[in-house]
$ cat protein37.cif   # mmCIF, C-alpha atoms
data_run
#
loop_
_atom_site.label_atom_id
_atom_site.label_comp_id
_atom_site.auth_asym_id
_atom_site.auth_seq_id
_atom_site.Cartn_x
_atom_site.Cartn_y
_atom_site.Cartn_z
CA MET A 249 204.10 162.07 74.15
CA PRO A 250 201.72 159.63 72.42
CA SER A 251 198.18 160.71 71.68
CA LEU A 252 195.36 159.18 73.72
CA GLY A 253 192.95 159.32 70.82
CA GLY A 254 191.47 161.51 68.17
CA SER A 255 190.47 165.10 68.55
CA GLU A 256 186.76 164.36 68.92
CA PRO A 257 184.90 166.18 71.70
CA LEU A 258 184.55 164.42 75.02
CA MET A 259 180.76 164.41 74.72
CA HIS A 260 180.97 162.35 71.52
CA ARG A 261 183.23 159.87 73.27
CA MET A 262 180.79 159.58 76.16
CA VAL A 263 178.01 158.64 73.72
CA LYS A 264 180.32 156.03 72.17
CA TYR A 265 181.01 154.62 75.64
CA LEU A 266 177.27 154.60 76.30
CA ALA A 267 176.67 152.56 73.14
CA LEU A 268 179.52 150.23 74.09
CA ALA A 269 178.12 149.73 77.59
CA SER A 270 174.69 149.06 76.13
CA SER A 271 176.04 146.42 73.77
CA MET A 272 178.03 144.81 76.61
CA ASN A 273 174.90 144.72 78.78
CA LYS A 274 173.01 142.92 76.02
CA LYS A 275 175.83 140.46 75.48
CA ASP A 276 176.28 139.76 79.20
CA ALA A 277 172.59 139.81 80.09
CA LYS A 278 172.69 136.32 81.53
CA SER A 279 175.92 136.73 83.45
CA SER A 280 176.11 138.10 86.96
CA ALA A 281 178.58 140.88 86.15
CA SER A 282 176.66 143.58 87.99
CA GLY A 283 179.46 146.16 87.70
CA ILE A 284 178.77 146.73 84.02
CA LEU A 285 175.07 147.30 84.72
CA TYR A 286 175.83 150.64 86.40
CA VAL A 287 177.83 152.10 83.53
CA GLU A 288 174.91 152.85 81.21
CA PRO A 289 172.74 154.75 83.73
CA THR A 290 175.80 156.56 85.06
CA ILE A 291 176.76 157.86 81.61
CA LEU A 292 173.14 158.90 80.96
CA LYS A 293 173.04 160.77 84.29
CA LEU A 294 176.31 162.50 83.43
CA LEU A 295 174.93 163.59 80.06
CA ILE A 296 171.71 164.82 81.71
CA ILE A 297 173.68 166.98 84.13
CA TRP A 298 175.99 168.16 81.36
CA LEU A 299 173.18 169.25 79.02
CA SER A 300 170.97 170.71 81.73
CA ASP A 301 170.33 174.40 81.12
CA CYS A 302 173.25 174.63 78.68
CA PRO A 303 172.23 175.31 75.07
CA SER A 304 175.83 175.14 73.85
CA ALA A 305 176.23 171.61 75.27
CA VAL A 306 172.92 170.60 73.69
CA GLN A 307 174.12 172.00 70.37
CA CYS A 308 177.34 169.99 70.66
CA PHE A 309 175.28 166.87 71.39
CA LEU A 310 172.99 167.52 68.41
CA ASP A 311 175.90 168.28 66.05
CA SER A 312 176.17 164.54 65.57
CA PRO A 313 172.82 163.26 64.21
CA PRO A 314 173.49 159.64 65.26
CA HIS A 315 173.39 160.75 68.91
CA LEU A 316 169.74 161.66 68.72
CA THR A 317 168.90 158.57 66.71
CA TYR A 318 170.65 156.40 69.30
CA LEU A 319 168.72 158.14 72.07
CA LEU A 320 165.45 157.40 70.29
CA GLU A 321 166.50 153.76 69.92
CA LEU A 322 167.24 153.54 73.66
CA ILE A 323 163.81 154.93 74.50
CA SER A 324 161.93 152.62 72.16
CA ASN A 325 163.96 149.48 72.89
CA PRO A 326 161.73 147.07 74.84
CA THR A 327 164.77 145.18 76.17
CA SER A 328 166.16 148.30 77.89
CA THR A 329 165.30 148.71 81.54
CA VAL A 330 162.73 151.27 82.63
CA CYS A 331 165.55 153.22 84.24
CA ILE A 332 167.55 153.42 81.00
CA ARG A 333 164.48 154.34 78.96
CA GLY A 334 163.49 156.99 81.48
CA LEU A 335 166.95 158.56 81.64
CA ALA A 336 167.15 158.57 77.84
CA ALA A 337 163.73 160.27 77.73
CA VAL A 338 164.91 162.96 80.15
CA LEU A 339 167.99 163.53 77.99
CA LEU A 340 165.78 163.78 74.90
CA GLY A 341 163.55 166.26 76.72
CA GLU A 342 166.58 168.41 77.50
CA CYS A 343 167.55 168.37 73.83
CA VAL A 344 164.09 169.59 72.87
CA ASN A 345 163.86 172.10 75.72
CA TYR A 346 167.33 173.67 75.63
CA ASN A 347 168.05 173.55 71.90
CA LYS A 348 168.38 177.07 70.55
CA CYS A 349 169.02 176.10 66.93
CA CYS A 350 166.44 177.61 64.62
CA ASP A 351 167.59 175.86 61.42
CA SER A 352 164.70 173.92 59.99
CA GLY A 353 165.21 170.21 60.32
CA LYS A 354 168.17 170.58 62.70
CA ASP A 355 166.32 171.11 65.97
CA ALA A 356 165.63 168.11 68.19
CA PHE A 357 161.86 168.65 68.13
CA SER A 358 161.60 168.33 64.33
CA ILE A 359 163.96 165.34 64.25
CA VAL A 360 161.93 163.52 66.90
CA ASP A 361 158.69 164.51 65.17
CA HIS A 362 160.00 163.21 61.86
CA GLU A 363 161.46 160.03 63.37
CA PHE A 364 158.30 158.97 65.15
CA ASN A 365 155.87 160.73 62.82
CA MET A 366 154.00 162.18 65.77
CA ASN A 367 154.08 165.11 68.13
CA ALA A 368 157.35 165.07 70.15
CA SER A 369 155.56 166.05 73.34
CA LEU A 370 153.73 162.70 73.24
CA VAL A 371 156.76 160.56 72.38
CA THR A 372 158.29 159.96 75.80
CA PRO A 373 155.14 159.18 77.81
CA ALA A 374 153.76 156.90 75.08
CA LEU A 375 156.97 154.91 74.85
CA LEU A 376 157.68 154.69 78.56
CA TRP A 377 154.26 153.30 79.44
CA LYS A 378 154.25 150.46 76.89
#
$ encode --input "protein37.cif" --output "structure tokens"
Amino acid sequence: MPSLGGSEPLMHRMVKYLALASSMNKKDAKSSASGILYVEPTILKLLIIWLSDCPSAVQCFLDSPPHLTYLLELISNPTSTVCIRGLAAVLLGECVNYNKCCDSGKDAFSIVDHEFNMNASLVTPALLWK
């Protein structure tokens, strides 16, 4: 039986699909293809439910540093909708809240703090209310 893809975890594929949907939304911004507009928030909602109260899922999400960087880009992107930015902020909050990794520099709080050079508890409200 042929393989359907690599052996990467499903969560990593979902983030790839999220990035793909985001790039398609930007490319088709002027078209009336409304079906694609629901993909990005749906994947974000799925990830929010998946990571909710599950430190092992959060750890899997954080095992790939580009995931957190991409999340920060979604939040700070002025062309993203308020809905997308808000859902990305909730997902980031779950990473900070449910992360049980104590390694210095590997926890979501220190990465966000380093990335924005400010306190992570102020990141999401400051960016959402621009």
$ resolve_selection --input "protein37.cif" --expression "the PyMOL selection byres ((chain A and resi 303-309) around 12)" --output "PyMOL selection string"
chain A and resi 256-264+295-302+310-319+339-351+354-356
$ atom_distance --input "protein37.cif" --atom1 "CA of Leu266 in chain A" --atom2 "CA of Leu292 in chain A"
7.6 Å
$ resolve_selection --input "protein37.cif" --expression "the PyMOL selection byres ((chain A and resi 330-336) around 9)" --output "PyMOL selection string"
chain A and resi 288-289+292-293+296+319-320+322-326+328-329+337-341+372+375-376
$ decode --input "protein37.cif" --residues "range 277-316 of chain A" --atoms "N, CA and C atoms" --output "PDB file, in the first residue's frame"
ATOM      1  N   ALA A 277      -7.665  37.132  -1.854  1.00  0.00           N
ATOM      2  CA  ALA A 277      -8.373  38.116  -1.039  1.00  0.00           C
ATOM      3  C   ALA A 277      -9.450  38.851  -1.816  1.00  0.00           C
ATOM      4  N   LYS A 278      -9.225  39.055  -3.098  1.00  0.00           N
ATOM      5  CA  LYS A 278     -10.182  39.822  -3.890  1.00  0.00           C
ATOM      6  C   LYS A 278     -11.230  38.939  -4.558  1.00  0.00           C
ATOM      7  N   SER A 279     -11.039  37.640  -4.510  1.00  0.00           N
ATOM      8  CA  SER A 279     -12.028  36.765  -5.129  1.00  0.00           C
ATOM      9  C   SER A 279     -13.160  36.496  -4.145  1.00  0.00           C
ATOM     10  N   SER A 280     -14.214  35.918  -4.638  1.00  0.00           N
ATOM     11  CA  SER A 280     -15.377  35.661  -3.783  1.00  0.00           C
ATOM     12  C   SER A 280     -15.438  34.205  -3.348  1.00  0.00           C
ATOM     13  N   ALA A 281     -14.305  33.529  -3.295  1.00  0.00           N
ATOM     14  CA  ALA A 281     -14.267  32.133  -2.867  1.00  0.00           C
ATOM     15  C   ALA A 281     -14.390  32.079  -1.352  1.00  0.00           C
ATOM     16  N   SER A 282     -15.605  32.109  -0.854  1.00  0.00           N
ATOM     17  CA  SER A 282     -15.818  32.187   0.594  1.00  0.00           C
ATOM     18  C   SER A 282     -15.531  30.871   1.299  1.00  0.00           C
ATOM     19  N   GLY A 283     -15.514  29.754   0.584  1.00  0.00           N
ATOM     20  CA  GLY A 283     -15.250  28.468   1.211  1.00  0.00           C
ATOM     21  C   GLY A 283     -13.879  28.406   1.851  1.00  0.00           C
ATOM     22  N   ILE A 284     -12.895  28.997   1.219  1.00  0.00           N
ATOM     23  CA  ILE A 284     -11.535  28.960   1.744  1.00  0.00           C
ATOM     24  C   ILE A 284     -11.392  29.847   2.978  1.00  0.00           C
ATOM     25  N   LEU A 285     -12.273  30.815   3.142  1.00  0.00           N
ATOM     26  CA  LEU A 285     -12.185  31.721   4.287  1.00  0.00           C
ATOM     27  C   LEU A 285     -12.460  31.021   5.614  1.00  0.00           C
ATOM     28  N   TYR A 286     -13.151  29.892   5.576  1.00  0.00           N
ATOM     29  CA  TYR A 286     -13.493  29.184   6.804  1.00  0.00           C
ATOM     30  C   TYR A 286     -12.429  28.188   7.238  1.00  0.00           C
ATOM     31  N   VAL A 287     -11.478  27.901   6.383  1.00  0.00           N
ATOM     32  CA  VAL A 287     -10.479  26.894   6.696  1.00  0.00           C
ATOM     33  C   VAL A 287      -9.555  27.353   7.818  1.00  0.00           C
ATOM     34  N   GLU A 288      -9.058  28.568   7.714  1.00  0.00           N
ATOM     35  CA  GLU A 288      -8.100  29.079   8.706  1.00  0.00           C
ATOM     36  C   GLU A 288      -8.687  29.127  10.122  1.00  0.00           C
ATOM     37  N   PRO A 289      -9.873  29.740  10.325  1.00  0.00           N
ATOM     38  CA  PRO A 289     -10.418  29.733  11.681  1.00  0.00           C
ATOM     39  C   PRO A 289     -10.795  28.329  12.172  1.00  0.00           C
ATOM     40  N   THR A 290     -11.186  27.463  11.260  1.00  0.00           N
ATOM     41  CA  THR A 290     -11.535  26.104  11.660  1.00  0.00           C
ATOM     42  C   THR A 290     -10.322  25.344  12.163  1.00  0.00           C
ATOM     43  N   ILE A 291      -9.192  25.473  11.475  1.00  0.00           N
ATOM     44  CA  ILE A 291      -7.968  24.804  11.930  1.00  0.00           C
ATOM     45  C   ILE A 291      -7.509  25.391  13.264  1.00  0.00           C
ATOM     46  N   LEU A 292      -7.598  26.709  13.414  1.00  0.00           N
ATOM     47  CA  LEU A 292      -7.218  27.331  14.694  1.00  0.00           C
ATOM     48  C   LEU A 292      -8.113  26.836  15.822  1.00  0.00           C
ATOM     49  N   LYS A 293      -9.420  26.727  15.574  1.00  0.00           N
ATOM     50  CA  LYS A 293     -10.339  26.212  16.604  1.00  0.00           C
ATOM     51  C   LYS A 293     -10.003  24.772  16.966  1.00  0.00           C
ATOM     52  N   LEU A 294      -9.685  23.964  15.954  1.00  0.00           N
ATOM     53  CA  LEU A 294      -9.290  22.578  16.206  1.00  0.00           C
ATOM     54  C   LEU A 294      -8.049  22.522  17.085  1.00  0.00           C
ATOM     55  N   LEU A 295      -7.052  23.338  16.767  1.00  0.00           N
ATOM     56  CA  LEU A 295      -5.827  23.358  17.572  1.00  0.00           C
ATOM     57  C   LEU A 295      -6.095  23.843  18.994  1.00  0.00           C
ATOM     58  N   ILE A 296      -6.995  24.811  19.150  1.00  0.00           N
ATOM     59  CA  ILE A 296      -7.343  25.303  20.485  1.00  0.00           C
ATOM     60  C   ILE A 296      -7.955  24.179  21.319  1.00  0.00           C
ATOM     61  N   ILE A 297      -8.880  23.454  20.719  1.00  0.00           N
ATOM     62  CA  ILE A 297      -9.516  22.343  21.440  1.00  0.00           C
ATOM     63  C   ILE A 297      -8.494  21.254  21.742  1.00  0.00           C
ATOM     64  N   TRP A 298      -7.638  20.976  20.793  1.00  0.00           N
ATOM     65  CA  TRP A 298      -6.634  19.930  20.935  1.00  0.00           C
ATOM     66  C   TRP A 298      -5.652  20.240  22.067  1.00  0.00           C
ATOM     67  N   LEU A 299      -5.205  21.483  22.169  1.00  0.00           N
ATOM     68  CA  LEU A 299      -4.203  21.846  23.161  1.00  0.00           C
ATOM     69  C   LEU A 299      -4.793  22.177  24.531  1.00  0.00           C
ATOM     70  N   SER A 300      -6.098  22.359  24.579  1.00  0.00           N
ATOM     71  CA  SER A 300      -6.745  22.760  25.820  1.00  0.00           C
ATOM     72  C   SER A 300      -6.543  21.722  26.922  1.00  0.00           C
ATOM     73  N   ASP A 301      -5.971  22.174  28.013  1.00  0.00           N
ATOM     74  CA  ASP A 301      -5.757  21.348  29.205  1.00  0.00           C
ATOM     75  C   ASP A 301      -5.006  20.053  28.909  1.00  0.00           C
ATOM     76  N   CYS A 302      -4.065  20.109  27.976  1.00  0.00           N
ATOM     77  CA  CYS A 302      -3.296  18.919  27.598  1.00  0.00           C
ATOM     78  C   CYS A 302      -1.822  19.288  27.413  1.00  0.00           C
ATOM     79  N   PRO A 303      -1.049  19.251  28.493  1.00  0.00           N
ATOM     80  CA  PRO A 303       0.364  19.624  28.409  1.00  0.00           C
ATOM     81  C   PRO A 303       1.162  18.815  27.389  1.00  0.00           C
ATOM     82  N   SER A 304       0.816  17.548  27.178  1.00  0.00           N
ATOM     83  CA  SER A 304       1.572  16.761  26.205  1.00  0.00           C
ATOM     84  C   SER A 304       1.308  17.246  24.776  1.00  0.00           C
ATOM     85  N   ALA A 305       0.085  17.680  24.482  1.00  0.00           N
ATOM     86  CA  ALA A 305      -0.214  18.237  23.160  1.00  0.00           C
ATOM     87  C   ALA A 305       0.499  19.576  22.978  1.00  0.00           C
ATOM     88  N   VAL A 306       0.536  20.386  24.035  1.00  0.00           N
ATOM     89  CA  VAL A 306       1.247  21.662  23.973  1.00  0.00           C
ATOM     90  C   VAL A 306       2.729  21.416  23.730  1.00  0.00           C
ATOM     91  N   GLN A 307       3.281  20.415  24.393  1.00  0.00           N
ATOM     92  CA  GLN A 307       4.697  20.094  24.206  1.00  0.00           C
ATOM     93  C   GLN A 307       4.970  19.662  22.769  1.00  0.00           C
ATOM     94  N   CYS A 308       4.060  18.869  22.204  1.00  0.00           N
ATOM     95  CA  CYS A 308       4.209  18.457  20.802  1.00  0.00           C
ATOM     96  C   CYS A 308       4.159  19.672  19.881  1.00  0.00           C
ATOM     97  N   PHE A 309       3.261  20.606  20.177  1.00  0.00           N
ATOM     98  CA  PHE A 309       3.147  21.823  19.381  1.00  0.00           C
ATOM     99  C   PHE A 309       4.425  22.650  19.471  1.00  0.00           C
ATOM    100  N   LEU A 310       4.981  22.754  20.674  1.00  0.00           N
ATOM    101  CA  LEU A 310       6.172  23.572  20.900  1.00  0.00           C
ATOM    102  C   LEU A 310       7.470  22.886  20.486  1.00  0.00           C
ATOM    103  N   ASP A 311       7.404  21.580  20.192  1.00  0.00           N
ATOM    104  CA  ASP A 311       8.603  20.865  19.754  1.00  0.00           C
ATOM    105  C   ASP A 311       9.134  21.410  18.433  1.00  0.00           C
ATOM    106  N   SER A 312       8.273  22.059  17.690  1.00  0.00           N
ATOM    107  CA  SER A 312       8.691  22.679  16.436  1.00  0.00           C
ATOM    108  C   SER A 312       8.682  24.198  16.619  1.00  0.00           C
ATOM    109  N   PRO A 313       9.838  24.818  16.813  1.00  0.00           N
ATOM    110  CA  PRO A 313       9.898  26.263  17.061  1.00  0.00           C
ATOM    111  C   PRO A 313       9.196  27.127  16.014  1.00  0.00           C
ATOM    112  N   PRO A 314       9.182  26.739  14.742  1.00  0.00           N
ATOM    113  CA  PRO A 314       8.468  27.580  13.765  1.00  0.00           C
ATOM    114  C   PRO A 314       6.966  27.709  14.044  1.00  0.00           C
ATOM    115  N   HIS A 315       6.387  26.747  14.759  1.00  0.00           N
ATOM    116  CA  HIS A 315       4.960  26.847  15.064  1.00  0.00           C
ATOM    117  C   HIS A 315       4.665  28.090  15.891  1.00  0.00           C
ATOM    118  N   LEU A 316       5.446  28.296  16.917  1.00  0.00           N
ATOM    119  CA  LEU A 316       5.230  29.445  17.787  1.00  0.00           C
ATOM    120  C   LEU A 316       5.540  30.749  17.064  1.00  0.00           C
TER     121      LEU A 316
END
